[in-house]
Structure formats: structure tokens, C-alpha cells
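Student: Would you mind keeping the following structure in view while I ask a few things?
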Amino acid sequence: MNNLAIEVKDLVKKFGDFTAVDNISFNVKKGEIFAFLGPNGAGKSTTIKILTTLLHPTSGEIKVNGKSPISEQDAVRKSFGIVFQDPSLDEELTAFENLEFHGVLYKVPKEVRRKRIEELLKIVELWDRRDHIVKTFSGGMRRRLEIARGLLHHPSIFFLDEPTLGLDPQTRNQMWQYVQNLNKKEAITVFFTTHYMEEAERIAQNIAIIDHGKIITEGTPTTLKNQTKTKTLEDAFLKLTGHQIREEEASGIDHLRMRKQMFSGRTK
Amino acid sequence: MNAIYILWLRQLKRYVRSKSRMVGSLGQPLLFLVALGFGFGPIFQKAGGGNYINFLAPGVIAQGILFTAIFSGIELIWDRQFGFLKETLVAPVSRFEIILGRTLGGATIATIQGIIVAILAILVGFRPNIATIPIAILFMFLIALLFTALGTAIASLLEDFQGFQLIMNFLVMPLFFLSGALFPLSNAPNFLKIIARVDPLSYGVDGLRALLVNTSSFGLITDVVILVILTALTLAIGSYLFSKIEI
Ligand SMILES: Nc1ncnc2c1ncn2[C@@H]1O[C@H](COP(=O)(O)OP(=O)(O)OP(=O)(O)O)[C@@H](O)[C@H]1O
Ligand SMILES: [Mg+2]
């Protein structure tokens, strides 16, 4: 029972009378790299927000690292790191200060904190810019900083909500290499979403596909391809979720995203 | 180092780095000091009110604190819009610590702002008691705490800046103008006295006058007691509202 990092049973989330997450159940094993895929507005981010204590579910049972995100928030919060879909850095602080802030909040002892900050900033190649204000960073640099931050307290579960959005291929590859490495060496569980199917195919050990708030299928990349008799995960994905663009949701969300980016002066 | 300290430090760093904000928020108090101080001064003196600058300065200091404090609290909306709030909310830190750190940070900034206004006032002729200045600064911090907590509590309820104008016009401005910051309450009509009695800033202004220029309508003890109670209450309500935030 306790080799599960994430347990979700009959999870429902309603916003008013709109059901964003519609009675989903799935498990993620400890040490697994799990991809949560689905078209725009499928309910991926909503599910992640519920698992990470940011949203209260309407109903259902959830466990993260064996603890409830509703009644044992602190224990759950200690156990995961997260890279949000939307920006979440303090733009008025420097790269170093953003990490320092995080490290202190997560009670990482000073010595360890400083060492890890240096290590992580070097990995994401921001060490030279550590004292620059984040406002002056490009989208990709911010993303890298967020990834470094999410790992600073050595979480046992790492949530990545479209982490590679807006990253160039170099950075994307490097980032996944690092995450895979971490997964192997430290058995860290990785739960991620992405719209790049080849990325999911290459990285994920297990995949769940969600559409309109419902999980439509689950399995390894190979199972999904076999199941749909397709050659690539992208084809499998399209076969399973249809070719239709999620007009309403898609345009609504993109709109919101654009506004958010304009607001924060961020271009991608 | 702990969570409260780092949250406090963050507020301070942001304040120090935004010079325009610092300078910008001094414009209004300066305007009040010069326009009202020099404009009304002679009449006030003729009417037997004494030195108007000395009367006005504590009120304008309180105003500087009020505005900066409310703004610092409301800054929570920025954090929400720019996304940084998420980072704070997923951290394994009690919501009360978060709100306390933020509030202490905002209150420190507002107190600094109050001190700068006081210095400006001295430059235009304000002559406070020197001996009580340290206590006055502590008292300023108390005022700052109350209104930062109030700003944060309000911001917990708002998702964006649409309600901001409403807050300025129907909360901050009335709090200031009805507090007796600009005119002596003792000669005011009764209805105004009653209103001033329910305006928490009145006790702030009154306490500052008690400490800096030895005049008071309520008495310093009353001022302190009321402000402490209100601050505790506002903080409690604020951290409750804050803990209910969903993103
Ligand atoms: N706070 C909210 N209030 C109302 N509706 C919401 C809210 N948050 C999300 N939704 C709706 O819930 C649905 C799922 O949104 P969610 O952000 O989980 O999608 P997603 O799968 O992450 O999509 P994307 O790939 O575009 O990020 C969408 O239709 C969205 O409009
Ligand atoms: Mg999403």
C-alpha cells in the first residue's frame, strides 16, 4: 500500500456548476515518472492544484506521500516540490534571493541551503546571474530558476506543470536529463504535464490521459500505442481525444494566459 | 532564520528597491503639510488653536502610515496576480506565520514612511517633544500594524484590482478625513465626534498628539488599548481569510 506516492480516488472538482475534474481515480507509484496528459482545459492543472493543497476538492479521496492534502497539509507540503504552469517568481528579487526565500521557508539549514543553491544554480546555468533581478530574465531563464527552486528542499515528489513550455530544445533536453537522473539516483517521483507528446513518450514510464475532466486511459507509452494501433504517442493521443480543438476552453485559457503574460511583461 | 523573518525581509527589499514608490507616497503628506499647514495656520492661530503645524503634523504622519500600511497589505493582490503567492501557499509554513511575516514587513515599511514624514514636518516647522520620540515610533508601528493587517485582510477577499478604487474612496479616504487628523475634534459637531470615535485612525492620531505635542482627547492609554485590541482582532480575521484563499 505504501509504495504509492499519489493516490486519487473518485476525485471531483466543481467550479460553480461546471465540473472541471469529473470523478477520476489513478495511482502513481513511488519512484515513477508519470505523465498526466490531456488537451487544453482537460483538468490537469486543477488536479495538480488539489494534490498540492492549493485547491479544495469537491469530493473524493486523495493521498500524497500517504498523507491527505486536506487534513495533513503541512506533511504533504513538505514532501513535494512544484513548478507551476504560470509564473511564480518574485520579480523584484534576485535569482539567489528567490532560492534563499524558498530554502528558508522549507527550513533547509543554512549550510546545506547555500551549497544546494550554488549547485542548482550552476546546473540551470544561472550561477553567473544569481545577483540579477528576475525582472531582467528571459522566459526560459525564469523557468530554469523555478525548476531549481522546486528541487531545493529535496522533495520526494516533483510536480511539473508544463515545465518545458517556452524552453528551447537545449534547455528542455538538459532539464529532462537532470530530472531523469534525479529520479534514478534519489528515486524521486515525477508527476508532469506537457503538450509535447514526444517528450512524454520518451520520459514517462506511465501515462494517464484526461479529457473533459475524465481519465480516458492509462498505461505505459507502449500500451497506449498498442491499444490504439498507432506508431507514436501523438497519434495515440489524437485518436483517443479526437482532432477537435477545445474551442471554448482553449481560447478562454489562452486568452487568460496572454493577458497574464502581457501583465507581467513576459513574452514567449 | 525563520519564515517570519524571511517574509519580513522580502517586503523590505521590495520597498527599498522601488524608490518611486517611496518618493511617490511622500507627495501627499507633503502637500497636506504645506497647503494646509501654511494655508490654515494663521486662521487656526487666530481662532486660539495654537500652532497649526504642531497640531497637523501628527495627523499627517498618521496619514502617511495609514496609506503605506494599507498599500503594503493590499500588495497581496499583486502577489496573487504575478503568481508569487502560490509559492508561499504551497510552503510548509502555517498560514498565521505567513500573514504575520507579511504584516510585520508592511508595518515596518509604513513606520519608516511615518518617520520620513515626521522629518519632513520638522523641516517645515513642526516642533515635537524630543524625549518621547522613541515611544512615538513604537506607537507608529502599532498604527502601522493595524492598517497593514486590515489591508491584508481585505486583499485576501479580492482577486484583482477592480475593487481597489472602492477601497480608496470608501475606506482609506474616510478613515483619514474623519479621524481628526486635520481638525480638532473638541470643537466639532456631535455627529462628527461620534464618527471619529468609531474611526480607528482617530486613536492613532490622538495617541501621536499625546506623545509628540501633549494634547489628547481620549488619553494615551485608551488609544493604545483600543489599537492593540483592534490589531489583534484584525490579524485574527485576516489570517482566517488568508487561510481560505484558493488559487
Ligand atoms: N478557478 C476557476 N474557476 C472556474 N473555472 C476554472 C477555474 N480553474 C480552472 N477552471 C476550468 O476548469 C477546467 C480545467 O482547467 P485546468 O486549468 O485544470 O486545465 P488544464 O488541463 O491544465 O489545461 P491547459 O493544458 O490549458 O493548462 C477549464 O475549463 C477551466 O476553465
Ligand atoms: Mg494547465
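By order of appearance in the C-alpha cells: chains A, B, ..., then residues from 1 within every chain, and ligands from 1 in the order shown.
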Can you work out which residues are within 10 Å of ligand 2, considering only C-alpha atoms and all ligand atoms, and then hand them over as JSON, numbers by chain?
Tutor: {"A": [37, 38, 39, 40, 41, 42, 43, 44, 45, 46, 47, 48, 49, 84, 85, 86, 161, 162, 193, 194, 195, 253]}
Student: Taking the DSSP assignment computed from this structure's backbone, write out as a PyMOL selection string all residues of stretch 15-169 of chain B that belong to alpha helix (DSSP H).
Tutor: chain B and resi 15-17+19-31+37-46+52-82+84-89+95-123+133-157+164-167
Student: Write out the residues from the selection above, keeping C-alpha atoms, as a CSV table (one decimal), in the first residue's frame.
Tutor:
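The new file result_34.csv reads:
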```csv
chain,number,residue,atom,x,y,z
B,15,TYR,CA,10.3,48.5,-0.7
B,16,VAL,CA,13.9,49.7,-0.8
B,17,ARG,CA,14.1,48.7,-4.4
B,19,LYS,CA,12.3,54.2,-5.0
B,20,SER,CA,9.5,55.7,-7.0
B,21,ARG,CA,7.0,54.2,-4.5
B,22,MET,CA,8.9,55.6,-1.6
B,23,VAL,CA,9.1,59.1,-3.0
B,24,GLY,CA,5.6,58.9,-4.5
B,25,SER,CA,3.9,58.2,-1.3
B,26,LEU,CA,5.6,61.3,0.3
B,27,GLY,CA,3.9,63.6,-2.1
B,28,GLN,CA,0.6,63.6,-0.4
B,29,PRO,CA,1.7,64.2,3.2
B,30,LEU,CA,4.0,67.0,1.9
B,31,LEU,CA,1.1,68.6,0.2
B,37,GLY,CA,-0.1,73.9,7.3
B,38,PHE,CA,0.7,77.3,5.8
B,39,GLY,CA,-2.8,77.9,4.4
B,40,PHE,CA,-4.8,77.3,7.5
B,41,GLY,CA,-2.1,78.1,10.1
B,42,PRO,CA,-2.9,81.8,10.5
B,43,ILE,CA,-6.6,81.3,10.9
B,44,PHE,CA,-6.1,78.4,13.3
B,45,GLN,CA,-3.9,80.5,15.4
B,46,LYS,CA,-6.3,83.5,15.3
B,52,TYR,CA,-1.3,74.6,13.5
B,53,ILE,CA,1.7,72.8,12.2
B,54,ASN,CA,2.2,71.2,15.5
B,55,PHE,CA,-1.4,70.2,15.5
B,56,LEU,CA,-1.4,69.0,11.9
B,57,ALA,CA,1.9,67.1,11.8
B,58,PRO,CA,0.8,64.1,13.9
B,59,GLY,CA,-2.3,63.8,11.7
B,60,VAL,CA,-0.2,63.9,8.5
B,61,ILE,CA,2.3,61.4,10.0
B,62,ALA,CA,-0.7,59.1,10.7
B,63,GLN,CA,-1.9,59.6,7.2
B,64,GLY,CA,1.4,58.6,5.8
B,65,ILE,CA,1.4,55.5,7.9
B,66,LEU,CA,-2.2,54.7,7.0
B,67,PHE,CA,-1.7,54.9,3.3
B,68,THR,CA,1.6,53.0,3.2
B,69,ALA,CA,0.2,50.3,5.5
B,70,ILE,CA,-3.0,49.7,3.6
B,71,PHE,CA,-1.0,49.6,0.3
B,72,SER,CA,1.5,47.1,1.8
B,73,GLY,CA,-1.3,44.9,2.8
B,74,ILE,CA,-3.1,45.2,-0.5
B,75,GLU,CA,0.1,44.2,-2.2
B,76,LEU,CA,-1.1,40.7,-1.6
B,77,ILE,CA,-3.2,41.1,-4.7
B,78,TRP,CA,0.0,41.7,-6.7
B,79,ASP,CA,1.5,38.6,-5.4
B,80,ARG,CA,-1.6,36.7,-6.4
B,81,GLN,CA,-1.7,38.3,-9.9
B,82,PHE,CA,2.0,37.8,-10.5
B,84,PHE,CA,4.2,34.5,-6.3
B,85,LEU,CA,1.5,33.8,-3.8
B,86,LYS,CA,1.3,30.2,-5.0
B,87,GLU,CA,5.0,29.8,-4.0
B,88,THR,CA,4.2,31.0,-0.5
B,89,LEU,CA,1.0,29.0,-0.2
B,95,ARG,CA,-0.8,30.5,7.4
B,96,PHE,CA,-0.5,32.6,10.5
B,97,GLU,CA,3.2,32.8,10.2
B,98,ILE,CA,2.9,33.9,6.6
B,99,ILE,CA,0.4,36.6,7.4
B,100,LEU,CA,2.5,37.7,10.4
B,101,GLY,CA,5.7,38.0,8.4
B,102,ARG,CA,3.9,39.9,5.7
B,103,THR,CA,2.2,42.2,8.2
B,104,LEU,CA,5.4,42.9,10.2
B,105,GLY,CA,7.1,43.7,6.9
B,106,GLY,CA,4.4,46.0,5.7
B,107,ALA,CA,4.2,47.7,9.1
B,108,THR,CA,8.0,48.2,9.2
B,109,ILE,CA,7.8,50.0,5.9
B,110,ALA,CA,4.8,52.1,6.9
B,111,THR,CA,6.7,53.1,10.1
B,112,ILE,CA,9.7,54.1,8.1
B,113,GLN,CA,7.4,56.2,5.9
B,114,GLY,CA,5.9,57.8,9.0
B,115,ILE,CA,9.4,58.7,10.3
B,116,ILE,CA,10.2,60.3,6.9
B,117,VAL,CA,7.0,62.3,7.0
B,118,ALA,CA,7.9,63.4,10.6
B,119,ILE,CA,11.3,64.6,9.4
B,120,LEU,CA,9.6,66.5,6.5
B,121,ALA,CA,7.2,68.0,9.0
B,122,ILE,CA,10.1,69.1,11.2
B,123,LEU,CA,11.6,70.8,8.2
B,133,ILE,CA,10.1,60.3,20.1
B,134,PRO,CA,11.2,56.6,20.7
B,135,ILE,CA,7.9,55.8,22.2
B,136,ALA,CA,6.1,57.7,19.4
B,137,ILE,CA,7.9,55.5,16.9
B,138,LEU,CA,6.7,52.3,18.7
B,139,PHE,CA,3.2,53.8,18.7
B,140,MET,CA,3.6,54.5,15.0
B,141,PHE,CA,4.5,50.9,14.5
B,142,LEU,CA,1.3,49.9,16.3
B,143,ILE,CA,-0.8,52.1,13.9
B,144,ALA,CA,1.1,50.6,11.0
B,145,LEU,CA,0.4,47.0,12.2
B,146,LEU,CA,-3.3,47.6,12.4
B,147,PHE,CA,-3.7,49.0,9.0
B,148,THR,CA,-1.3,46.6,7.3
B,149,ALA,CA,-3.3,43.8,8.8
B,150,LEU,CA,-6.5,45.5,7.6
B,151,GLY,CA,-5.1,45.8,4.1
B,152,THR,CA,-4.1,42.2,4.0
B,153,ALA,CA,-7.4,41.0,5.3
B,154,ILE,CA,-9.2,43.0,2.6
B,155,ALA,CA,-6.8,41.8,-0.1
B,156,SER,CA,-7.5,38.2,0.9
B,157,LEU,CA,-11.0,38.7,-0.3
B,164,PHE,CA,-9.2,49.0,-5.3
B,165,GLN,CA,-10.8,52.3,-6.2
B,166,LEU,CA,-13.7,51.3,-4.0
B,167,ILE,CA,-11.3,50.8,-1.1
```
Student: Based on DSSP run over this structure's backbone, return all residues of stretch 51-142 of chain A in strand (DSSP E or B), as a ChimeraX atom specification.
Tutor: /A:59-64,67,80-83,94,133
Student: Generate a file of the selected residues that holds N, CA, C and O atoms, formatted as a PDB file, in the first residue's frame.
Tutor:
```
ATOM      1  N   SER A  59     -15.140  16.549  -3.879  1.00  0.00           N
ATOM      2  CA  SER A  59     -15.256  15.270  -3.178  1.00  0.00           C
ATOM      3  C   SER A  59     -14.169  14.320  -3.664  1.00  0.00           C
ATOM      4  O   SER A  59     -13.460  14.622  -4.623  1.00  0.00           O
ATOM      5  N   GLY A  60     -14.039  13.211  -2.985  1.00  0.00           N
ATOM      6  CA  GLY A  60     -13.037  12.229  -3.384  1.00  0.00           C
ATOM      7  C   GLY A  60     -11.959  12.054  -2.337  1.00  0.00           C
ATOM      8  O   GLY A  60     -11.866  12.841  -1.390  1.00  0.00           O
ATOM      9  N   GLU A  61     -11.182  11.000  -2.501  1.00  0.00           N
ATOM     10  CA  GLU A  61     -10.112  10.724  -1.548  1.00  0.00           C
ATOM     11  C   GLU A  61      -8.770  10.872  -2.234  1.00  0.00           C
ATOM     12  O   GLU A  61      -8.552  10.309  -3.300  1.00  0.00           O
ATOM     13  N   ILE A  62      -7.883  11.626  -1.610  1.00  0.00           N
ATOM     14  CA  ILE A  62      -6.560  11.784  -2.200  1.00  0.00           C
ATOM     15  C   ILE A  62      -5.484  11.629  -1.134  1.00  0.00           C
ATOM     16  O   ILE A  62      -5.667  11.999   0.025  1.00  0.00           O
ATOM     17  N   LYS A  63      -4.366  11.072  -1.558  1.00  0.00           N
ATOM     18  CA  LYS A  63      -3.215  10.944  -0.673  1.00  0.00           C
ATOM     19  C   LYS A  63      -1.968  11.320  -1.457  1.00  0.00           C
ATOM     20  O   LYS A  63      -1.790  10.893  -2.597  1.00  0.00           O
ATOM     21  N   VAL A  64      -1.138  12.118  -0.824  1.00  0.00           N
ATOM     22  CA  VAL A  64       0.150  12.430  -1.424  1.00  0.00           C
ATOM     23  C   VAL A  64       1.198  11.993  -0.423  1.00  0.00           C
ATOM     24  O   VAL A  64       1.205  12.483   0.716  1.00  0.00           O
ATOM     25  N   LYS A  67      -0.217  10.945   2.819  1.00  0.00           N
ATOM     26  CA  LYS A  67      -0.886  11.927   3.677  1.00  0.00           C
ATOM     27  C   LYS A  67      -1.981  12.664   2.898  1.00  0.00           C
ATOM     28  O   LYS A  67      -1.904  12.784   1.679  1.00  0.00           O
ATOM     29  N   PHE A  80       6.597  17.630  -1.304  1.00  0.00           N
ATOM     30  CA  PHE A  80       6.688  17.818  -2.754  1.00  0.00           C
ATOM     31  C   PHE A  80       7.362  19.130  -3.125  1.00  0.00           C
ATOM     32  O   PHE A  80       7.455  20.066  -2.340  1.00  0.00           O
ATOM     33  N   GLY A  81       7.855  19.157  -4.356  1.00  0.00           N
ATOM     34  CA  GLY A  81       8.323  20.390  -4.967  1.00  0.00           C
ATOM     35  C   GLY A  81       7.461  20.602  -6.192  1.00  0.00           C
ATOM     36  O   GLY A  81       6.889  19.652  -6.719  1.00  0.00           O
ATOM     37  N   ILE A  82       7.342  21.840  -6.633  1.00  0.00           N
ATOM     38  CA  ILE A  82       6.446  22.069  -7.762  1.00  0.00           C
ATOM     39  C   ILE A  82       6.966  23.167  -8.685  1.00  0.00           C
ATOM     40  O   ILE A  82       7.562  24.147  -8.223  1.00  0.00           O
ATOM     41  N   VAL A  83       6.754  22.950  -9.971  1.00  0.00           N
ATOM     42  CA  VAL A  83       6.952  24.015 -10.954  1.00  0.00           C
ATOM     43  C   VAL A  83       5.565  24.279 -11.522  1.00  0.00           C
ATOM     44  O   VAL A  83       4.953  23.398 -12.119  1.00  0.00           O
ATOM     45  N   THR A  94      16.351  38.927  -6.619  1.00  0.00           N
ATOM     46  CA  THR A  94      17.341  38.302  -7.492  1.00  0.00           C
ATOM     47  C   THR A  94      17.096  36.794  -7.534  1.00  0.00           C
ATOM     48  O   THR A  94      16.315  36.263  -6.746  1.00  0.00           O
ATOM     49  N   ILE A 133      18.235  40.807 -10.817  1.00  0.00           N
ATOM     50  CA  ILE A 133      16.809  40.821 -10.510  1.00  0.00           C
ATOM     51  C   ILE A 133      16.066  39.994 -11.565  1.00  0.00           C
ATOM     52  O   ILE A 133      16.355  40.087 -12.758  1.00  0.00           O
TER      53      ILE A 133
END
```
Student: Could you make a table, as CSV, of the residues of chain A that have an atom within 8 Å of an atom of chain B, each with its nearest atom pair and distance in Å to one decimal, counting only C-alpha atoms, in chain and number order?
Tutor:
```
residue,atom,partner,partner_atom,distance
A:Lys49,CA,B:Ile247,CA,7.9
A:Thr52,CA,B:Val90,CA,6.7
A:Thr53,CA,B:Val90,CA,6.7
A:Leu54,CA,B:Glu246,CA,5.7
A:Leu55,CA,B:Glu246,CA,5.3
A:His56,CA,B:Glu246,CA,7.6
A:Gln73,CA,B:Pro92,CA,7.7
A:Asp74,CA,B:Pro92,CA,5.0
A:Ala75,CA,B:Pro92,CA,7.4
A:Arg77,CA,B:Pro92,CA,5.0
A:Lys78,CA,B:Pro92,CA,5.5
A:Asp86,CA,B:Gly83,CA,6.9
A:Pro87,CA,B:Gly83,CA,5.6
A:Ser88,CA,B:Phe84,CA,4.3
A:Leu89,CA,B:Phe84,CA,5.3
A:Asp90,CA,B:Phe84,CA,5.8
A:Glu92,CA,B:Arg14,CA,6.2
A:Leu93,CA,B:Arg14,CA,7.4
A:Phe101,CA,B:Ile6,CA,6.2
A:Val104,CA,B:Asn2,CA,6.1
A:Leu105,CA,B:Ala3,CA,5.1
A:Tyr106,CA,B:Pro92,CA,6.4
A:Lys107,CA,B:Asn2,CA,7.3
A:Lys260,CA,B:Gln81,CA,7.9
A:Ser264,CA,B:Phe82,CA,6.7
```
Student: If we count only C-alpha atoms, what is near A:Phe96 at a cut-off of 8 Å, once residues fewer than 5 positions away on the same chain are taken out, given as number ranges by chain?
Tutor: A: 117, 130-131
